[in-house]
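Remarks on the structure that follows.
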Amino acid sequence: MNKLLILGAGTGGTIMANKMRKELSRDEWKITIIDQHKTHYYQPGFLFIPFGYYKKEDVIKPKQNFLPPGVNSIYQKVEKIEADANKLTLANGEILNYDILIIATGTRINPDETPGLKGELWHKKIYDFYTIEGAIALGKFFKTWEGGNLVINIADNPIKCPVAPLEFAFFADAFFTDRGMRDKVNITYVTPLSGAFTKPRSSKLLGSLLEEKNINLVPDFFLGEVDNENQKIIDFGGKEIPFDCMISIPLHNGDPVIEESGLGDDFGFVPADKHTLQSNAHENIFVIGDAGNFPTSKAGSVVHFMAEILHENLLCYIENRPLTGSFDGHSNCFIETGHGKGALIDFNYETEPLPGYFPLPGIGPMGLLKVTRLNHYGKLMFRWIYWHILLRGKDMPIDADMTMAGKKVD
């Protein structure tokens with residue numbers, strides 16, 4: 001009996017469990033998925049919680065609900081992966097062997113890496129919204145906050161969903177405007193980037209939205225420490241920014257077991273081919289989503305597109321054929337801009353976000369690099385798609401490869 005192990009039952013791991021169980025004979029392949037946590041989180045929903053749009057129950061479901069019959073699930077921590085021996089050890093001492101390993105361990109925030117960030121003000125005046133705990137705590141704080149300097153700071157990249165901090169800034173502007181206290185809240189967006197976003201055209205659009213909404217932009221700020229006593233953040237060059245409430249997007253790292261097993265880079269992400277998704281060091285290990293050191297956004301849409309390519313390449317590998325699937329870095333993201341409107345970007349490794357229409361050329365109905373109500377509704381609708389279609393590995397009417405159809409190139 002051949003053994004396929006999937007490490008991580010988040011978005012990527014769950015999609016691959018569904019896809020590969022449909023594809024591989026149960027008489028020939030045993031599929032096992034391993035995760036230490038039993039709860040699945042719809043992480044894009046965390047953004048909505050501090051502003052009262054979603055509650056905890058809107059973004060959590062049991063992981064087991066999305067795993068197909070015929071997939072063995074183990075809810076245990078993995079202590080070590082011994083890639084040269086094709087085996088891993090669980091926290092209970094059990095050893096599992098594999099023929100193929102899919103690493104889908106994701107990424108996590110690591111506030112302990114920044115001096116003072118997780119100090120006495122953590123979840124009192126300094127909050128994250130990248131965890132369910134941080135989002136809920138921030139929501140409680142905002143209910144009684146009377147205003148002051150609201151600072152949104154990205155410690156460094158890469159981070160999950162790179163546009164989420166901008167979305168938070170836009171949401172905050174709308175939230176405090178609706179409460180009649182926007183004049184009491186000074187919002188500052190602090191980023192290590194030289195602009196609002198990494199890509200020039202989208203950075204121009206998003207930067208203009210910051211200016212339009214009277215949100216201060218502080219670029220090229222690399223967080224060095226947080227001074228809890230004086231409530232200010234300090235970059236490595238000595239620049240200081242005071243805050244009354246800080247929204248932190250801390251440093252991100254891969255799962256600890258990746259680093260402890262010697263499979264990761266300096267950040268704990270697995271080095272893998274950005275096109276084939278195959279490990280650079282071990283040909284029977286493949287990587288999907290946030291767990292890899294891929295030069296693309298760490299976001300759910302990327303995982304979905306990657307899954308199509310990984311599905312193809314796993315079959316090639318099993319059948320001892322050259323890997324024919326090639327991931328082009330396709331990323332597709334709705335961006336909440338506040339007041340019931342949103343934007344949409346679609347890009348890949350080689351092509352930056354461009355204006356136009358999506359998914360149908362000239363028709364849309366979604367507008368690329370445009371702020372519309374329909375894009376906002378698309379963002380809201382994606383939660384249903386995520387639970388009912390994407391996680392279950394069903395086909396979506398969007399190609400894994402980015403298309404230039406409908407895009408305008410000057």
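Numbering starts fresh at 1 for the residues of each chain in the structure tokens, the chains themselves are lettered A, B, ... in the order given, and ligands are numbered from 1 as they appear.
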
Would you tabulate, counting only C-alpha atoms, all residues of segment 44-151 of chain A that have an atom at most 12 Å from an atom of segment 373-391 of chain A, showing the closest pair of atoms and their distance in Å to one decimal, sorted by chain then ascending number, as a Markdown table?
| residue | atom | partner | partner_atom | distance |
| --- | --- | --- | --- | --- |
| A:Pro44 | CA | A:Arg383 | CA | 8.3 |
| A:Gly45 | CA | A:Arg383 | CA | 7.9 |
| A:Phe46 | CA | A:Arg383 | CA | 11.6 |
| A:Leu47 | CA | A:Lys379 | CA | 11.7 |
| A:Phe48 | CA | A:Leu380 | CA | 10.2 |
| A:Tyr53 | CA | A:Leu380 | CA | 10.6 |
| A:Tyr54 | CA | A:Leu380 | CA | 10.7 |
| A:Asp58 | CA | A:Arg383 | CA | 9.2 |
| A:Val59 | CA | A:Arg383 | CA | 8.6 |
| A:Ile60 | CA | A:Trp387 | CA | 10.1 |
| A:Lys61 | CA | A:Trp387 | CA | 9.0 |
| A:Pro62 | CA | A:Trp387 | CA | 11.2 |
| A:Lys63 | CA | A:Leu391 | CA | 10.0 |
| A:Gln64 | CA | A:Leu391 | CA | 11.5 |
| A:Asn65 | CA | A:Trp387 | CA | 9.8 |
| A:Phe66 | CA | A:Leu391 | CA | 6.7 |
| A:Leu67 | CA | A:Leu391 | CA | 8.8 |
| A:Pro68 | CA | A:Leu391 | CA | 10.7 |

- Task: Compile the contact shell of segment 226-228 of chain A as a list in words: residues with an atom at most 7 Å away, counting only C-alpha atoms, same-chain residues fewer than 5 positions apart removed.
- Result: Pro115, Gly116, Leu117, Gly119, Glu120, Leu121, Ile233 and Ile234 of chain A

Could you give me, as a tab-separated table, every segment 14-113 of chain A residue with an atom at most 9 Å from segment 269-277 of chain A, plus its closest atom pair and distance in Å to one decimal, counting only C-alpha atoms, rows ordered by chain then number?
residue	atom	partner	partner_atom	distance
A:Ile103	CA	A:Val270	CA	8.4
A:Gly106	CA	A:Phe269	CA	8.7
A:Thr107	CA	A:Phe269	CA	8.1

Per DSSP on the backbone, what are the strand (DSSP E or B) residues of segment 129-230 of chain A, as a PDB file with C-alpha atoms, in the first residue's frame?
ATOM      1  CA  GLY A 148      -6.529  59.009  19.559  1.00  0.00           C
ATOM      2  CA  ASN A 149      -3.634  57.913  17.392  1.00  0.00           C
ATOM      3  CA  LEU A 150      -4.467  54.638  15.624  1.00  0.00           C
ATOM      4  CA  VAL A 151      -1.319  53.176  14.095  1.00  0.00           C
ATOM      5  CA  ILE A 152      -1.407  50.202  11.706  1.00  0.00           C
ATOM      6  CA  ASN A 153       2.081  48.737  11.421  1.00  0.00           C
ATOM      7  CA  ILE A 154       3.535  45.944   9.294  1.00  0.00           C
ATOM      8  CA  LYS A 160      -0.473  36.519   5.044  1.00  0.00           C
ATOM      9  CA  VAL A 185      -9.103  59.257  15.328  1.00  0.00           C
ATOM     10  CA  ASN A 186      -5.809  59.965  13.580  1.00  0.00           C
ATOM     11  CA  ILE A 187      -5.055  56.922  11.389  1.00  0.00           C
ATOM     12  CA  THR A 188      -1.461  56.230  10.317  1.00  0.00           C
ATOM     13  CA  TYR A 189      -0.424  53.374   8.029  1.00  0.00           C
ATOM     14  CA  VAL A 190       3.186  52.359   8.646  1.00  0.00           C
ATOM     15  CA  ASN A 216      -1.314  59.083   6.880  1.00  0.00           C
ATOM     16  CA  LEU A 217       1.195  56.888   5.024  1.00  0.00           C
ATOM     17  CA  VAL A 218       4.641  56.282   6.517  1.00  0.00           C
ATOM     18  CA  LEU A 223      10.144  48.071  13.018  1.00  0.00           C
ATOM     19  CA  GLY A 224      12.983  47.649  15.507  1.00  0.00           C
ATOM     20  CA  GLU A 225      11.189  47.776  18.850  1.00  0.00           C
ATOM     21  CA  VAL A 226       8.027  48.791  20.668  1.00  0.00           C
ATOM     22  CA  ASP A 227       8.309  51.154  23.641  1.00  0.00           C
TER      23      ASP A 227
END

- Write out as a PyMOL selection string each polymer residue whose atoms come within 12 Å of segment 75-88 of chain A, counting only C-alpha atoms; drop sequence neighbours fewer than 6 positions from it. chain A and resi 3-9+32-39+62-64+94-103+105+255-264+279+281-286

Export, as an mmCIF file, in the first residue's frame, the selected residues with C-alpha atoms.
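Dumped everything to selection.cif:
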data_model
loop_
_atom_site.group_PDB
_atom_site.id
_atom_site.type_symbol
_atom_site.label_atom_id
_atom_site.label_comp_id
_atom_site.auth_asym_id
_atom_site.auth_seq_id
_atom_site.Cartn_x
_atom_site.Cartn_y
_atom_site.Cartn_z
ATOM 1 C CA LYS A 3 1.177 6.200 1.491
ATOM 2 C CA LEU A 4 0.433 9.872 0.857
ATOM 3 C CA LEU A 5 0.845 12.063 3.944
ATOM 4 C CA ILE A 6 -0.517 15.601 4.039
ATOM 5 C CA LEU A 7 0.943 17.740 6.792
ATOM 6 C CA GLY A 8 -1.566 20.458 7.682
ATOM 7 C CA ALA A 9 -5.360 20.468 7.396
ATOM 8 C CA THR A 32 -3.501 10.527 5.824
ATOM 9 C CA ILE A 33 -3.807 14.168 6.872
ATOM 10 C CA ILE A 34 -2.201 15.399 10.089
ATOM 11 C CA ASP A 35 -2.917 18.550 12.072
ATOM 12 C CA GLN A 36 -2.643 19.389 15.755
ATOM 13 C CA HIS A 37 -5.802 21.529 15.712
ATOM 14 C CA LYS A 38 -9.374 20.382 15.017
ATOM 15 C CA THR A 39 -10.869 23.802 14.207
ATOM 16 C CA PRO A 62 -14.644 21.612 12.463
ATOM 17 C CA LYS A 63 -11.889 20.544 10.081
ATOM 18 C CA GLN A 64 -13.348 17.080 9.938
ATOM 19 C CA GLU A 94 4.022 7.212 16.759
ATOM 20 C CA ILE A 95 6.135 7.022 13.594
ATOM 21 C CA LEU A 96 4.496 7.373 10.184
ATOM 22 C CA ASN A 97 6.184 6.457 6.921
ATOM 23 C CA TYR A 98 5.303 7.973 3.570
ATOM 24 C CA ASP A 99 5.958 7.629 -0.125
ATOM 25 C CA ILE A 100 4.869 11.195 -0.861
ATOM 26 C CA LEU A 101 4.628 14.095 1.597
ATOM 27 C CA ILE A 102 2.644 17.280 0.985
ATOM 28 C CA ILE A 103 3.672 20.108 3.306
ATOM 29 C CA THR A 105 1.683 23.843 7.333
ATOM 30 C CA ASP A 255 5.617 26.099 11.327
ATOM 31 C CA PRO A 256 8.274 25.323 13.995
ATOM 32 C CA VAL A 257 8.519 21.676 12.898
ATOM 33 C CA ILE A 258 9.841 22.797 9.497
ATOM 34 C CA GLU A 259 12.760 24.648 11.067
ATOM 35 C CA GLU A 260 13.367 21.939 13.663
ATOM 36 C CA SER A 261 13.500 19.317 10.921
ATOM 37 C CA GLY A 262 16.005 21.289 8.848
ATOM 38 C CA LEU A 263 13.596 21.753 5.957
ATOM 39 C CA GLY A 264 13.128 25.524 6.063
ATOM 40 C CA SER A 279 10.843 20.562 -2.795
ATOM 41 C CA ALA A 281 15.869 19.045 -1.585
ATOM 42 C CA HIS A 282 13.570 15.991 -1.759
ATOM 43 C CA GLU A 283 11.768 14.906 -4.917
ATOM 44 C CA ASN A 284 8.955 13.104 -3.043
ATOM 45 C CA ILE A 285 8.058 16.211 -1.012
ATOM 46 C CA PHE A 286 5.736 18.854 -2.462
#

- Pick out the residues sitting within 12 Å of Ser25 of chain A, and hand them over as an MDAnalysis selection string; count only C-alpha atoms, and ignore anything fewer than 6 positions along from it in its own chain. chainID A and resid 1:4 31 70:71

Quick one: write out the picked residues with N, CA and C atoms as a CSV table (one decimal), in the first residue's frame?
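Final file, selection_7.csv:
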chain,number,residue,atom,x,y,z
A,1,MET,N,0.8,-1.2,0.0
A,1,MET,CA,0.0,0.0,0.0
A,1,MET,C,0.9,1.2,0.0
A,2,ASN,N,0.7,2.1,-1.0
A,2,ASN,CA,1.4,3.4,-1.0
A,2,ASN,C,0.8,4.4,-0.1
A,3,LYS,N,1.6,5.3,0.5
A,3,LYS,CA,1.2,6.2,1.5
A,3,LYS,C,1.4,7.6,1.1
A,4,LEU,N,0.4,8.4,1.1
A,4,LEU,CA,0.4,9.9,0.9
A,4,LEU,C,0.1,10.5,2.2
A,31,ILE,N,-4.3,7.6,2.2
A,31,ILE,CA,-4.1,9.1,2.4
A,31,ILE,C,-4.4,9.4,3.8
A,70,GLY,N,-12.5,8.1,3.4
A,70,GLY,CA,-11.4,7.4,2.9
A,70,GLY,C,-10.1,8.2,3.1
A,71,VAL,N,-10.1,9.3,3.8
A,71,VAL,CA,-8.9,10.0,4.2
A,71,VAL,C,-8.8,9.8,5.8

- Query: Hey, can you check how far atom CA of Thr337 of chain A sits from atom CA of Ile247 of chain A?
  - Reply: 17.5 Å

- Query: Contacts of Asn18 of chain A at 6 Å or less, counting only C-alpha atoms, minus same-chain residues fewer than 2 places along, as number ranges by chain?
  - Reply: A: 15-16, 20-21, 68, 392-393

- For Lys408 of chain A, the nearest of the candidates A:Asp395, A:Glu352, A:Glu308, A:Glu23, counting only C-alpha atoms: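 Nearest candidate to Lys408 of chain A out of A:Asp395, A:Glu352, A:Glu308, A:Glu23: A:Glu352.
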
- Can you work out which one of A:Arg182, A:Lys30, A:Lys239, A:Arg201 has the shortest atom-to-atom distance to Ile215 of chain A, counting only C-alpha atoms? A:Arg182

- Would you give me, as an MDAnalysis selection string, the residues in segment 204-376 of chain A that DSSP reads as alpha helix (DSSP H)? chainID A and resid 204:212 256:260 300:318 373:376

Could you write those residues out with C-alpha atoms, as a CSV table (one decimal), in the first residue's frame?
chain,number,residue,atom,x,y,z
A,204,LYS,CA,-1.0,54.1,-6.9
A,205,LEU,CA,-4.7,53.3,-6.5
A,206,LEU,CA,-4.4,52.2,-2.9
A,207,GLY,CA,-2.1,55.1,-2.1
A,208,SER,CA,-4.7,57.5,-3.5
A,209,LEU,CA,-7.4,55.9,-1.4
A,210,LEU,CA,-5.3,56.4,1.7
A,211,GLU,CA,-4.9,60.1,0.8
A,212,GLU,CA,-8.6,60.4,0.0
A,256,PRO,CA,8.3,25.3,14.0
A,257,VAL,CA,8.5,21.7,12.9
A,258,ILE,CA,9.8,22.8,9.5
A,259,GLU,CA,12.8,24.6,11.1
A,260,GLU,CA,13.4,21.9,13.7
A,300,GLY,CA,-6.2,31.7,-0.1
A,301,SER,CA,-6.7,32.4,-3.8
A,302,VAL,CA,-3.0,31.5,-4.4
A,303,VAL,CA,-3.5,28.1,-2.6
A,304,HIS,CA,-6.5,27.4,-4.8
A,305,PHE,CA,-4.7,28.0,-8.0
A,306,MET,CA,-1.6,26.1,-6.7
A,307,ALA,CA,-3.8,23.1,-5.9
A,308,GLU,CA,-4.7,22.6,-9.6
A,309,ILE,CA,-1.0,22.5,-10.5
A,310,LEU,CA,0.0,20.3,-7.6
A,311,HIS,CA,-2.8,17.9,-8.5
A,312,GLU,CA,-1.4,17.5,-12.0
A,313,ASN,CA,2.2,17.2,-10.8
A,314,LEU,CA,1.5,14.6,-8.2
A,315,LEU,CA,-0.1,12.4,-10.8
A,316,CYS,CA,3.0,12.9,-13.0
A,317,TYR,CA,5.3,12.0,-10.2
A,318,ILE,CA,3.2,8.9,-9.3
A,373,ARG,CA,-20.1,47.9,-4.8
A,374,LEU,CA,-20.1,44.6,-6.8
A,375,ASN,CA,-16.5,44.0,-5.7
A,376,HIS,CA,-17.6,44.3,-2.1

- Task: Find the residues near Ala174 of chain A: any atom within 12 Å, counting only C-alpha atoms, skip ones fewer than 2 places away on the same chain, and give them as an NGL selection string.
- Result: :A and (51 or 167-172 or 176-183 or 185 or 187 or 213-215 or 336-341)

Selection above as a file: N, CA and C atoms, as a compact mmCIF listing (two decimals), in the first residue's frame:
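The file below, result-v9.txt, is the result:
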# COMPACT_ATOMS: atom_id res chain seq x y z
N PHE A 51 -14.81 45.11 13.65
CA PHE A 51 -15.78 46.15 13.32
C PHE A 51 -17.22 45.67 13.46
N GLU A 167 -6.82 47.01 3.95
CA GLU A 167 -8.26 46.85 4.15
C GLU A 167 -8.65 47.29 5.55
N PHE A 168 -7.81 46.93 6.53
CA PHE A 168 -8.11 47.33 7.90
C PHE A 168 -8.15 48.85 8.03
N ALA A 169 -7.19 49.52 7.39
CA ALA A 169 -7.15 50.99 7.45
C ALA A 169 -8.41 51.59 6.84
N PHE A 170 -8.84 51.05 5.69
CA PHE A 170 -10.05 51.56 5.04
C PHE A 170 -11.29 51.27 5.88
N PHE A 171 -11.34 50.07 6.46
CA PHE A 171 -12.46 49.71 7.33
C PHE A 171 -12.53 50.64 8.54
N ALA A 172 -11.35 50.92 9.12
CA ALA A 172 -11.31 51.78 10.31
C ALA A 172 -11.84 53.17 9.98
N PHE A 176 -15.18 54.48 12.03
CA PHE A 176 -15.21 55.64 12.92
C PHE A 176 -15.98 56.81 12.31
N THR A 177 -16.06 56.86 10.98
CA THR A 177 -16.92 57.86 10.33
C THR A 177 -18.38 57.59 10.66
N ASP A 178 -18.79 56.33 10.53
CA ASP A 178 -20.18 55.95 10.83
C ASP A 178 -20.53 56.20 12.29
N ARG A 179 -19.55 56.11 13.17
CA ARG A 179 -19.79 56.34 14.60
C ARG A 179 -19.72 57.82 14.96
N GLY A 180 -19.44 58.67 13.98
CA GLY A 180 -19.40 60.11 14.21
C GLY A 180 -18.18 60.57 14.99
N MET A 181 -17.08 59.82 14.94
CA MET A 181 -15.90 60.18 15.71
C MET A 181 -14.62 60.11 14.87
N ARG A 182 -14.76 60.19 13.55
CA ARG A 182 -13.58 60.10 12.71
C ARG A 182 -12.62 61.25 12.98
N ASP A 183 -13.14 62.42 13.35
CA ASP A 183 -12.28 63.56 13.65
C ASP A 183 -11.47 63.37 14.92
N VAL A 185 -10.02 60.38 15.58
CA VAL A 185 -9.10 59.26 15.33
C VAL A 185 -8.13 59.63 14.21
N ILE A 187 -5.47 58.24 11.88
CA ILE A 187 -5.06 56.92 11.39
C ILE A 187 -3.75 57.05 10.61
N LYS A 213 -8.93 59.25 2.08
CA LYS A 213 -9.57 58.97 3.36
C LYS A 213 -8.83 59.60 4.54
N ASN A 214 -7.85 60.47 4.22
CA ASN A 214 -7.08 61.18 5.25
C ASN A 214 -6.37 60.20 6.19
N ILE A 215 -5.77 59.17 5.58
CA ILE A 215 -4.97 58.21 6.33
C ILE A 215 -3.50 58.48 6.02
N GLU A 336 -11.40 45.17 0.42
CA GLU A 336 -12.43 46.03 1.02
C GLU A 336 -11.91 47.46 1.12
N THR A 337 -12.70 48.42 0.66
CA THR A 337 -12.28 49.82 0.73
C THR A 337 -13.18 50.66 1.64
N GLY A 338 -14.15 50.01 2.29
CA GLY A 338 -15.02 50.71 3.22
C GLY A 338 -16.29 51.23 2.59
N HIS A 339 -17.29 51.48 3.41
CA HIS A 339 -18.58 52.04 2.98
C HIS A 339 -19.25 51.17 1.91
N GLY A 340 -19.13 49.84 2.05
CA GLY A 340 -19.81 48.93 1.15
C GLY A 340 -19.23 48.85 -0.24
N LYS A 341 -17.95 49.17 -0.39
CA LYS A 341 -17.31 49.10 -1.70
C LYS A 341 -16.00 48.31 -1.59

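Nearest residue to Ile288 of chain A among A:Ala164, A:Met402, A:Ala196, A:Ala104 is A:Ala104, counting only C-alpha atoms.
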
- Spatial neighbours of Trp122 of chain A, max dist 12 Å, only C-alpha atoms, sep filter under 4 positions, as a list in words: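 Those residues are Pro111, Asp112, Gly116, Leu117, Lys118, Ile126, Tyr127, Asp128, Glu133, Gly134, Ala137, Leu138, Val226, Asp227, Asn228, Gln231, Cys245, Met246, Ile247, Ser248 and Pro250 of chain A.
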
Pull N, CA and C atoms from the residues just selected and write them as a compact mmCIF listing (two decimals), in the first residue's frame.
# COMPACT_ATOMS: atom_id res chain seq x y z
N PRO A 111 5.02 37.51 17.19
CA PRO A 111 5.28 38.80 17.83
C PRO A 111 6.46 38.77 18.79
N ASP A 112 6.82 37.58 19.29
CA ASP A 112 7.95 37.49 20.22
C ASP A 112 9.28 37.88 19.57
N GLY A 116 9.57 44.09 22.71
CA GLY A 116 8.52 44.93 23.25
C GLY A 116 7.15 44.75 22.62
N LEU A 117 7.07 44.05 21.49
CA LEU A 117 5.76 43.95 20.82
C LEU A 117 4.76 43.16 21.67
N LYS A 118 5.18 42.02 22.16
CA LYS A 118 4.28 41.23 23.00
C LYS A 118 4.60 41.51 24.46
N ILE A 126 -2.19 47.20 22.17
CA ILE A 126 -1.56 46.67 20.95
C ILE A 126 -2.30 45.39 20.57
N TYR A 127 -2.79 45.36 19.34
CA TYR A 127 -3.62 44.21 18.92
C TYR A 127 -3.16 43.70 17.56
N ASP A 128 -3.46 42.43 17.31
CA ASP A 128 -3.36 41.89 15.97
C ASP A 128 -4.77 41.50 15.54
N GLU A 133 -8.11 35.31 18.43
CA GLU A 133 -8.04 35.93 19.76
C GLU A 133 -7.80 37.43 19.65
N GLY A 134 -6.88 37.82 18.76
CA GLY A 134 -6.58 39.23 18.58
C GLY A 134 -7.74 40.00 18.00
N ALA A 137 -10.46 40.43 20.73
CA ALA A 137 -10.04 41.39 21.75
C ALA A 137 -10.10 42.82 21.22
N LEU A 138 -9.71 43.02 19.97
CA LEU A 138 -9.75 44.34 19.36
C LEU A 138 -11.18 44.83 19.21
N VAL A 226 9.23 48.12 20.19
CA VAL A 226 8.03 48.79 20.67
C VAL A 226 8.29 49.27 22.09
N ASP A 227 8.14 50.56 22.32
CA ASP A 227 8.31 51.15 23.64
C ASP A 227 6.94 51.19 24.31
N ASN A 228 6.70 50.22 25.20
CA ASN A 228 5.40 50.12 25.87
C ASN A 228 5.16 51.28 26.82
N GLN A 231 4.52 54.34 24.71
CA GLN A 231 3.56 54.06 23.65
C GLN A 231 4.02 54.62 22.30
N CYS A 245 -3.48 53.41 20.15
CA CYS A 245 -3.86 52.03 19.85
C CYS A 245 -3.05 51.62 18.62
N MET A 246 -2.40 50.47 18.72
CA MET A 246 -1.62 50.00 17.58
C MET A 246 -2.16 48.67 17.08
N ILE A 247 -2.34 48.58 15.77
CA ILE A 247 -2.71 47.34 15.12
C ILE A 247 -1.43 46.78 14.49
N SER A 248 -0.98 45.67 15.01
CA SER A 248 0.29 45.11 14.58
C SER A 248 0.09 43.93 13.63
N PRO A 250 2.61 41.35 12.92
CA PRO A 250 3.96 40.97 13.34
C PRO A 250 4.72 40.19 12.27

- So what do you get for atom CA of Cys161 of chain A versus atom CA of Ala299 of chain A, distance-wise?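 So the two atoms, atom CA of Cys161 of chain A and atom CA of Ala299 of chain A, lie 4.9 Å apart.
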
- Item | Selected residue, from A:Asp328, A:Ile335, A:Tyr357, A:Pro162, that lies nearest to Ser297 of chain A when counting only C-alpha atoms |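 Using only C-alpha atoms, the shortest distance to Ser297 of chain A belongs to A:Pro162.
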